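Have a look at coords.txt below; it lists compact mmCIF, C-alpha atoms (C1' of nucleotides).
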```
# COMPACT_ATOMS: atom_id res chain seq x y z
CA MET A 1 3.97 -26.44 57.22
CA GLY A 2 2.49 -25.18 60.45
CA LEU A 3 -0.56 -23.44 59.07
CA THR A 4 -4.07 -24.80 59.31
CA ILE A 5 -6.32 -25.08 56.31
CA HIS A 6 -8.43 -22.36 57.85
CA THR A 7 -5.53 -19.97 58.10
CA ILE A 8 -4.55 -20.51 54.49
CA ARG A 9 -8.09 -19.98 53.29
CA PHE A 10 -8.24 -16.89 55.46
CA TYR A 11 -5.12 -15.55 53.74
CA GLU A 12 -6.65 -16.29 50.39
CA LYS A 13 -9.80 -14.41 51.36
CA GLU A 14 -7.69 -11.49 52.52
CA GLY A 15 -6.00 -11.35 49.14
CA LEU A 16 -2.57 -12.61 50.13
CA LEU A 17 -2.87 -15.50 47.72
CA ASP A 18 -4.43 -15.23 44.28
CA ASP A 19 -5.18 -17.33 41.20
CA ARG A 20 -1.51 -18.00 40.59
CA HIS A 21 -1.27 -19.65 44.00
CA VAL A 22 -4.64 -21.34 44.28
CA ARG A 23 -6.21 -23.15 41.35
CA ARG A 24 -9.42 -25.12 41.42
CA GLU A 25 -9.80 -28.71 40.34
CA SER A 26 -12.87 -30.00 38.50
CA ASN A 27 -14.63 -30.69 41.77
CA ASN A 28 -13.90 -27.16 42.95
CA TYR A 29 -11.28 -28.33 45.44
CA ARG A 30 -8.29 -26.03 45.90
CA ASN A 31 -4.95 -26.94 44.38
CA TYR A 32 -1.97 -25.05 45.75
CA SER A 33 0.98 -24.34 43.46
CA GLU A 34 4.64 -24.36 44.45
CA GLU A 35 4.49 -20.60 44.40
CA ALA A 36 1.81 -20.73 47.06
CA ILE A 37 4.14 -22.58 49.37
CA GLU A 38 6.94 -20.11 48.75
CA ARG A 39 4.59 -17.27 49.41
CA LEU A 40 3.25 -18.76 52.61
CA LYS A 41 6.80 -19.21 53.85
CA LEU A 42 7.51 -15.61 53.00
CA ILE A 43 4.38 -14.47 54.80
CA LYS A 44 5.32 -16.46 57.88
CA LYS A 45 8.78 -14.97 57.94
CA PHE A 46 7.71 -11.39 57.49
CA GLN A 47 4.90 -11.86 59.92
CA SER A 48 7.21 -13.22 62.56
CA ILE A 49 9.20 -10.03 62.44
CA GLY A 50 6.12 -7.94 63.01
CA CYS A 51 4.55 -7.22 59.63
CA SER A 52 0.78 -7.03 59.64
CA LEU A 53 -1.17 -8.94 57.04
CA ALA A 54 -2.41 -5.66 55.60
CA GLU A 55 1.12 -4.45 55.07
CA LEU A 56 2.16 -7.75 53.56
CA LYS A 57 -0.82 -7.74 51.26
CA ALA A 58 0.05 -4.31 49.93
CA VAL A 59 3.71 -5.10 49.46
CA LEU A 60 3.21 -8.53 47.94
CA GLN A 61 0.65 -7.23 45.49
CA ASP A 62 2.97 -4.44 44.46
CA TYR A 63 5.77 -6.93 44.38
CA ASP A 64 4.17 -9.35 42.00
CA THR A 65 2.24 -7.05 39.76
CA ASN A 66 5.71 -5.79 38.82
CA ALA A 67 3.96 -2.51 38.34
CA HIS A 68 5.48 0.94 38.11
CA THR A 69 6.50 0.92 41.74
CA ASN A 70 9.92 -0.62 41.87
CA LEU A 71 11.31 2.45 43.53
CA GLN A 72 8.58 2.34 46.14
CA ILE A 73 9.31 -1.29 46.85
CA ILE A 74 12.98 -0.52 47.17
CA ASP A 75 12.06 2.21 49.64
CA TRP A 76 9.89 -0.20 51.56
CA ILE A 77 12.71 -2.73 51.75
CA ARG A 78 15.12 -0.07 52.94
CA GLY A 79 12.63 1.05 55.57
CA LYS A 80 12.11 -2.51 56.74
CA LYS A 81 15.84 -3.01 57.03
CA LYS A 82 16.08 0.05 59.24
CA GLU A 83 13.19 -1.18 61.36
CA ILE A 84 14.80 -4.57 61.78
CA GLU A 85 18.12 -3.06 62.69
CA SER A 86 16.63 -0.86 65.39
CA LYS A 87 14.62 -3.79 66.62
CA LYS A 88 17.83 -5.74 66.96
CA GLU A 89 19.31 -2.94 69.03
CA GLU A 90 16.27 -3.01 71.27
CA TYR A 91 16.82 -6.71 71.70
CA ASP A 92 20.40 -6.10 72.69
CA GLN A 93 19.27 -3.63 75.32
CA MET A 94 16.79 -6.16 76.59
CA LEU A 95 19.54 -8.74 76.84
CA ASP A 96 21.48 -6.26 78.99
CA THR A 97 18.48 -5.72 81.21
CA LEU A 98 17.88 -9.43 81.51
CA ASN A 99 21.51 -10.02 82.35
CA LYS A 100 21.28 -7.45 85.12
CA MET A 101 18.12 -9.03 86.43
CA LEU A 102 19.77 -12.40 86.33
CA GLU A 103 22.81 -11.13 88.15
CA TYR A 104 20.63 -9.48 90.77
CA LYS A 105 18.42 -12.47 91.33
CA THR A 106 21.38 -14.79 91.52
CA LEU A 107 23.12 -12.53 93.99
CA LEU A 108 19.91 -12.32 95.99
CA MET A 109 20.11 -16.02 96.60
CA GLU A 110 23.74 -15.96 97.58
CA ASP A 111 24.24 -12.66 99.32
CA PRO A 112 21.05 -10.64 99.89
CA GLN A 113 22.95 -7.67 101.33
CA LYS A 114 25.09 -7.19 98.29
CA ALA A 115 21.98 -7.59 96.16
CA GLN A 116 20.39 -4.69 98.02
CA GLU A 117 23.39 -2.53 97.32
CA MET A 118 23.28 -3.47 93.68
CA LEU A 119 19.62 -2.52 93.49
CA LYS A 120 20.33 0.91 94.97
CA ALA A 121 23.19 1.53 92.57
CA TRP A 122 20.97 0.52 89.69
CA HIS A 123 18.12 2.78 90.73
CA ALA A 124 20.49 5.68 91.23
CA GLY A 125 21.80 5.25 87.70
CA SER A 126 18.48 4.60 85.95
CA SER A 127 17.03 8.08 86.54
CA GLU A 128 18.58 9.29 83.29
CA MET B 1 5.57 8.81 78.12
CA GLY B 2 3.63 7.56 75.15
CA LEU B 3 0.81 5.81 76.97
CA THR B 4 -2.71 7.16 77.17
CA ILE B 5 -4.53 7.48 80.46
CA HIS B 6 -6.82 4.74 79.26
CA THR B 7 -3.98 2.35 78.63
CA ILE B 8 -2.51 2.94 82.07
CA ARG B 9 -5.85 2.42 83.78
CA PHE B 10 -6.29 -0.70 81.67
CA TYR B 11 -2.96 -2.02 82.92
CA GLU B 12 -4.01 -1.25 86.48
CA LYS B 13 -7.27 -3.11 85.96
CA GLU B 14 -5.35 -6.05 84.55
CA GLY B 15 -3.18 -6.17 87.66
CA LEU B 16 0.08 -4.91 86.19
CA LEU B 17 0.11 -2.00 88.61
CA ASP B 18 -0.95 -2.26 92.22
CA ASP B 19 -1.25 -0.14 95.37
CA ARG B 20 2.46 0.55 95.45
CA HIS B 21 2.24 2.16 92.06
CA VAL B 22 -1.13 3.83 92.21
CA ARG B 23 -2.26 5.64 95.34
CA ARG B 24 -5.45 7.58 95.69
CA GLU B 25 -5.64 11.20 96.83
CA SER B 26 -8.38 12.49 99.10
CA ASN B 27 -10.59 13.20 96.09
CA ASN B 28 -10.03 9.65 94.85
CA TYR B 29 -7.79 10.83 92.03
CA ARG B 30 -4.94 8.52 91.10
CA ASN B 31 -1.43 9.41 92.13
CA TYR B 32 1.32 7.52 90.36
CA SER B 33 4.57 6.83 92.20
CA GLU B 34 8.04 6.85 90.72
CA GLU B 35 7.89 3.06 90.82
CA ALA B 36 4.86 3.20 88.56
CA ILE B 37 6.84 5.05 85.93
CA GLU B 38 9.71 2.58 86.16
CA ARG B 39 7.29 -0.26 85.87
CA LEU B 40 5.50 1.21 82.89
CA LYS B 41 8.84 1.65 81.15
CA LEU B 42 9.68 -1.94 81.90
CA ILE B 43 6.32 -3.09 80.59
CA LYS B 44 6.79 -1.13 77.39
CA LYS B 45 10.21 -2.61 76.84
CA PHE B 46 9.24 -6.17 77.47
CA GLN B 47 6.10 -5.75 75.48
CA SER B 48 8.01 -4.38 72.52
CA ILE B 49 10.00 -7.57 72.37
CA GLY B 50 6.86 -9.66 72.27
CA CYS B 51 5.80 -10.38 75.85
CA SER B 52 2.08 -10.58 76.39
CA LEU B 53 0.51 -8.65 79.23
CA ALA B 54 -0.50 -11.91 80.85
CA GLU B 55 3.08 -13.11 80.89
CA LEU B 56 4.31 -9.79 82.21
CA LYS B 57 1.69 -9.80 84.92
CA ALA B 58 2.75 -13.20 86.13
CA VAL B 59 6.44 -12.41 86.07
CA LEU B 60 6.15 -8.97 87.63
CA GLN B 61 3.98 -10.26 90.41
CA ASP B 62 6.43 -13.03 91.15
CA TYR B 63 9.22 -10.53 90.81
CA ASP B 64 7.95 -8.10 93.37
CA THR B 65 6.39 -10.38 95.88
CA ASN B 66 9.95 -11.66 96.29
CA ALA B 67 8.29 -14.95 96.93
CA HIS B 68 9.88 -18.36 96.99
CA THR B 69 10.33 -18.35 93.25
CA ASN B 70 13.74 -16.86 92.62
CA LEU B 71 14.83 -19.95 90.82
CA GLN B 72 11.74 -19.84 88.66
CA ILE B 73 12.38 -16.22 87.81
CA ILE B 74 15.94 -17.03 86.93
CA ASP B 75 14.64 -19.75 84.67
CA TRP B 76 12.23 -17.33 83.08
CA ILE B 77 15.01 -14.84 82.45
CA ARG B 78 17.19 -17.52 80.92
CA GLY B 79 14.32 -18.63 78.71
CA LYS B 80 13.66 -15.08 77.62
CA LYS B 81 17.29 -14.60 76.75
CA LYS B 82 17.18 -17.67 74.54
CA GLU B 83 14.02 -16.43 72.88
CA ILE B 84 15.56 -13.06 72.20
CA GLU B 85 18.68 -14.58 70.79
CA SER B 86 16.81 -16.79 68.38
CA LYS B 87 14.63 -13.85 67.45
CA LYS B 88 17.75 -11.91 66.63
CA GLU B 89 18.88 -14.71 64.34
CA GLU B 90 15.55 -14.63 62.61
CA TYR B 91 16.04 -10.93 62.08
CA ASP B 92 19.43 -11.56 60.56
CA GLN B 93 17.88 -14.02 58.14
CA MET B 94 15.26 -11.46 57.28
CA LEU B 95 17.96 -8.92 56.58
CA ASP B 96 19.51 -11.40 54.17
CA THR B 97 16.19 -11.91 52.44
CA LEU B 98 15.60 -8.19 52.24
CA ASN B 99 19.05 -7.64 50.84
CA LYS B 100 18.36 -10.19 48.15
CA MET B 101 15.05 -8.56 47.35
CA LEU B 102 16.75 -5.21 47.19
CA GLU B 103 19.45 -6.53 44.93
CA TYR B 104 16.88 -8.12 42.65
CA LYS B 105 14.65 -5.07 42.45
CA THR B 106 17.59 -2.79 41.84
CA LEU B 107 18.89 -5.05 39.12
CA LEU B 108 15.42 -5.20 37.62
CA MET B 109 15.58 -1.50 37.00
CA GLU B 110 19.02 -1.60 35.51
CA ASP B 111 19.20 -4.88 33.69
CA PRO B 112 15.95 -6.84 33.59
CA GLN B 113 17.54 -9.80 31.85
CA LYS B 114 20.11 -10.36 34.54
CA ALA B 115 17.39 -9.95 37.12
CA GLN B 116 15.49 -12.79 35.51
CA GLU B 117 18.55 -15.00 35.70
CA MET B 118 19.01 -14.10 39.33
CA LEU B 119 15.40 -15.02 40.07
CA LYS B 120 15.86 -18.43 38.45
CA ALA B 121 19.02 -19.11 40.38
CA TRP B 122 17.28 -18.10 43.56
CA HIS B 123 14.29 -20.33 42.94
CA ALA B 124 16.54 -23.24 42.09
CA GLY B 125 18.38 -22.85 45.39
CA SER B 126 15.39 -22.19 47.60
CA SER B 127 13.89 -25.65 47.27
CA GLU B 128 15.88 -26.81 50.28
C1' DA C 1 -24.67 -48.30 49.73
C1' DT C 2 -24.01 -46.18 53.66
C1' DA C 3 -21.04 -44.09 57.03
C1' DA C 4 -16.80 -41.61 57.92
C1' DA C 5 -13.84 -38.24 56.56
C1' DC C 6 -12.66 -34.90 53.60
C1' DT C 7 -13.82 -30.40 50.91
C1' DA C 8 -16.57 -26.20 50.14
C1' DT C 9 -19.12 -21.72 51.69
C1' DG C 10 -20.49 -17.68 54.54
C1' DA C 11 -20.89 -16.10 58.86
C1' DA C 12 -20.32 -15.95 63.67
C1' DG C 13 -17.12 -16.37 67.63
C1' DT C 14 -12.55 -15.71 70.19
C1' DG C 15 -8.70 -13.52 72.66
C1' DA C 16 -5.48 -9.89 73.12
C1' DA C 17 -4.81 -5.19 73.79
C1' DC C 18 -6.53 -1.54 73.68
C1' DT C 19 -10.08 2.48 72.88
C1' DC C 20 -14.21 4.76 73.44
C1' DT C 21 -18.83 5.88 75.55
C1' DA C 22 -22.01 7.13 79.02
C1' DT C 23 -22.65 8.90 83.24
C1' DG C 24 -21.45 11.54 87.02
C1' DG C 25 -18.30 14.09 90.59
C1' DC C 26 -15.03 17.84 91.53
C1' DA C 27 -12.56 22.28 90.53
C1' DA C 28 -11.01 26.48 88.33
C1' DG C 29 -12.09 30.58 85.39
C1' DC C 30 -15.10 34.24 83.96
C1' DG D 1 -23.18 30.26 89.62
C1' DC D 2 -22.49 28.32 85.40
C1' DT D 3 -19.68 26.46 81.85
C1' DT D 4 -15.48 24.07 80.67
C1' DG D 5 -12.44 20.57 81.59
C1' DC D 6 -10.30 16.96 84.08
C1' DC D 7 -11.08 12.86 86.98
C1' DA D 8 -13.83 8.71 88.24
C1' DT D 9 -16.47 4.15 86.96
C1' DA D 10 -18.46 0.27 84.37
C1' DG D 11 -19.07 -1.48 80.30
C1' DA D 12 -19.40 -1.51 75.27
C1' DG D 13 -16.88 -1.22 70.91
C1' DT D 14 -12.71 -1.89 67.79
C1' DT D 15 -8.98 -4.13 65.35
C1' DC D 16 -6.21 -7.93 64.22
C1' DA D 17 -5.50 -12.58 63.21
C1' DC D 18 -7.35 -16.20 63.46
C1' DT D 19 -10.84 -20.14 64.72
C1' DT D 20 -15.13 -22.35 64.92
C1' DC D 21 -19.73 -23.26 63.30
C1' DA D 22 -23.53 -24.55 60.33
C1' DT D 23 -24.61 -26.41 56.26
C1' DA D 24 -23.86 -28.89 52.23
C1' DG D 25 -21.36 -31.42 48.48
C1' DT D 26 -17.55 -35.25 47.47
C1' DT D 27 -14.56 -39.04 48.13
C1' DT D 28 -13.06 -43.16 50.42
C1' DA D 29 -13.48 -47.25 53.21
C1' DT D 30 -16.20 -51.23 54.70
```
Could you quickly redo this structure as structure tokens?
Amino acid sequence: MGLTIHTIRFYEKEGLLDDRHVRRESNNYRNYSEEAIERLKLIKKFQSIGCSLAELKAVLQDYDTNAHTNLQIIDWIRGKKKEIESKKEEYDQMLDTLNKMLEYKTLLMEDPQKAQEMLKAWHAGSSE
Amino acid sequence: MGLTIHTIRFYEKEGLLDDRHVRRESNNYRNYSEEAIERLKLIKKFQSIGCSLAELKAVLQDYDTNAHTNLQIIDWIRGKKKEIESKKEEYDQMLDTLNKMLEYKTLLMEDPQKAQEMLKAWHAGSSE
DNA sequence: ATAAACTATGAAGTGAACTCTATGGCAAGC
DNA sequence: GCTTGCCATAGAGTTCACTTCATAGTTTAT
């Protein structure tokens, strides 16, 4: 599933997987449960959107101890949603920027003079 | 602008800023041009969407030498756009997941039994 | 039954992106 | 004129997330 054995053991060592996820066979070899696979997928997903392992560890532990922190978890989820939404906006802005760059570079190949003008107009507007 | 002096000097050392951006005064102190500020903003933006400094260095250098690589830059921009778009999709999926988690956790506080049912349904469906 | 290929452990190493330290020059305030 | 504070440099240290290494036990293939 795209993770090396070393990475998974590293996660285990860091406390992202516990006894429920990793059992030992008679020869001391690791045996990963279905839950482990679900959890690793979850880790990959959250990680890909910028969560650190430390953050994930804290949240996952809270999450599965089902402790007295449901409200805190709900807060965390809400916060994450906000983060993701603002990240998406940033991405939209970047797409705008990239589109401008693309337009400029394309124009530069077709009509360098007009490209120059475009550059000036852009610089004039970007001071704000 | 949210960067320490150390970070900026580090960028300079790494070749992300050059003579056009950083001039020296008679006492050898650095003097940053307007272009430097624009460039640092650009770096911050691109970095925040996951570009490495190495990648930025390469692209920026190509970009401002105005060398024979316009087509390559255009390709890079197109590639980046794709990346950003798929990243945005990932974020949407994450929002879904978070919404489900939120729903579950909220339900757990109101009606633990129903929450259990929800969890089972979710696990049954998530095998795909 | 012996070698090849897997598993285990703890610990050291890597690369990215800073961040800090040590040392010293210059400059302004009291 | 001396301290305080900013600037300079080179280089060491830090954090994160792995990744590799050294060593040793286990399983499988020939």
Using all atoms listed in the file, determine which residues of chain B fall within 9 Å of chain C; present them as a list in words.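 Here they are: His6, Thr7, Phe10, Asn27, Ser52 and Leu53 of chain B.
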Local residues around (15.1, -9.7, 56.9), at most 10 Å away, using all atoms listed in the file, as number ranges by chain: A: 45-46, 49, 77, 80-81, 83-85; B: 89-101
Residue hits in chain D, query chain A, radius 9 Å, all atoms listed in the file, as a short mmCIF file (atom, residue, chain, number, x, y, z; two decimals) with C-alpha atoms (C1' of nucleotides), in the frame of the given file:
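Output contents, as saved in part-v6.cif:
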```cif
data_model
loop_
_atom_site.label_atom_id
_atom_site.label_comp_id
_atom_site.auth_asym_id
_atom_site.auth_seq_id
_atom_site.Cartn_x
_atom_site.Cartn_y
_atom_site.Cartn_z
"C1'" DC D 16 -6.21 -7.93 64.22
"C1'" DA D 17 -5.50 -12.58 63.21
"C1'" DC D 18 -7.35 -16.20 63.46
"C1'" DT D 19 -10.84 -20.14 64.72
"C1'" DT D 26 -17.55 -35.25 47.47
#
```
Proximity to B:Asp18 - best of B:Lys57, B:Gly2, B:Asp111, B:Gln47, only C-alpha atoms: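 For B:Asp18, the nearest of the given residues is B:Lys57.
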Identify the residues within 7 Å of coordinate (-3.2, -21.6, 44.7) (same frame as the file), considering all atoms listed in the file, and give the answer as a JSON list (two decimals) with C-alpha atoms, in the coordinates of the input.
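The result, written out as point-v3.json:
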```
[["chain", "number", "residue", "atom", "x", "y", "z"],
["A", 17, "LEU", "CA", -2.87, -15.50, 47.72],
["A", 18, "ASP", "CA", -4.43, -15.23, 44.28],
["A", 19, "ASP", "CA", -5.18, -17.33, 41.20],
["A", 20, "ARG", "CA", -1.51, -18.00, 40.59],
["A", 21, "HIS", "CA", -1.27, -19.65, 44.00],
["A", 22, "VAL", "CA", -4.64, -21.34, 44.28],
["A", 23, "ARG", "CA", -6.21, -23.15, 41.35],
["A", 30, "ARG", "CA", -8.29, -26.03, 45.90],
["A", 31, "ASN", "CA", -4.95, -26.94, 44.38],
["A", 32, "TYR", "CA", -1.97, -25.05, 45.75],
["A", 33, "SER", "CA", 0.98, -24.34, 43.46],
["A", 36, "ALA", "CA", 1.81, -20.73, 47.06]]
```
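Across the structure, atom CA of A:Ile74 and atom CA of B:Leu102 are spaced 6.0 Å apart.
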By how many Å are atom CA of B:Leu42 and atom CA of B:Leu3 apart? 12.8 Å
Please complete stretch 40-62 of chain B with N, CA and C atoms and give it back as a compact mmCIF listing (two decimals), in the frame of the given file.
```
# COMPACT_ATOMS: atom_id res chain seq x y z
N LEU B 40 6.10 1.02 84.21
CA LEU B 40 5.50 1.21 82.89
C LEU B 40 6.58 1.16 81.81
N LYS B 41 7.74 1.73 82.11
CA LYS B 41 8.84 1.65 81.15
C LYS B 41 9.23 0.20 80.91
N LEU B 42 9.31 -0.53 82.01
CA LEU B 42 9.68 -1.94 81.90
C LEU B 42 8.65 -2.70 81.07
N ILE B 43 7.38 -2.43 81.34
CA ILE B 43 6.32 -3.09 80.59
C ILE B 43 6.46 -2.79 79.10
N LYS B 44 6.66 -1.51 78.79
CA LYS B 44 6.79 -1.13 77.39
C LYS B 44 7.93 -1.88 76.71
N LYS B 45 9.05 -1.94 77.41
CA LYS B 45 10.21 -2.61 76.84
C LYS B 45 9.94 -4.07 76.58
N PHE B 46 9.49 -4.74 77.62
CA PHE B 46 9.24 -6.17 77.47
C PHE B 46 8.16 -6.43 76.43
N GLN B 47 7.18 -5.56 76.44
CA GLN B 47 6.10 -5.75 75.48
C GLN B 47 6.62 -5.59 74.06
N SER B 48 7.50 -4.63 73.87
CA SER B 48 8.01 -4.38 72.52
C SER B 48 8.83 -5.55 71.98
N ILE B 49 9.28 -6.40 72.87
CA ILE B 49 10.00 -7.57 72.37
C ILE B 49 9.11 -8.80 72.38
N GLY B 50 7.79 -8.57 72.50
CA GLY B 50 6.86 -9.66 72.27
C GLY B 50 6.29 -10.36 73.49
N CYS B 51 6.46 -9.78 74.69
CA CYS B 51 5.80 -10.38 75.85
C CYS B 51 4.33 -9.98 75.87
N SER B 52 3.49 -10.91 76.21
CA SER B 52 2.08 -10.58 76.39
C SER B 52 1.88 -9.97 77.77
N LEU B 53 0.81 -9.25 77.93
CA LEU B 53 0.51 -8.65 79.23
C LEU B 53 0.33 -9.73 80.28
N ALA B 54 -0.28 -10.82 79.90
CA ALA B 54 -0.50 -11.91 80.85
C ALA B 54 0.84 -12.42 81.39
N GLU B 55 1.77 -12.61 80.48
CA GLU B 55 3.08 -13.11 80.89
C GLU B 55 3.75 -12.09 81.80
N LEU B 56 3.70 -10.83 81.41
CA LEU B 56 4.31 -9.79 82.21
C LEU B 56 3.69 -9.72 83.60
N LYS B 57 2.38 -9.84 83.63
CA LYS B 57 1.69 -9.80 84.92
C LYS B 57 2.24 -10.88 85.84
N ALA B 58 2.27 -12.08 85.32
CA ALA B 58 2.75 -13.20 86.13
C ALA B 58 4.17 -12.95 86.62
N VAL B 59 5.04 -12.57 85.70
CA VAL B 59 6.44 -12.41 86.07
C VAL B 59 6.63 -11.25 87.04
N LEU B 60 5.98 -10.14 86.75
CA LEU B 60 6.15 -8.97 87.63
C LEU B 60 5.64 -9.26 89.02
N GLN B 61 4.52 -9.94 89.08
CA GLN B 61 3.98 -10.26 90.41
C GLN B 61 4.94 -11.16 91.17
N ASP B 62 5.42 -12.19 90.51
CA ASP B 62 6.43 -13.03 91.15
C ASP B 62 7.62 -12.17 91.55
```
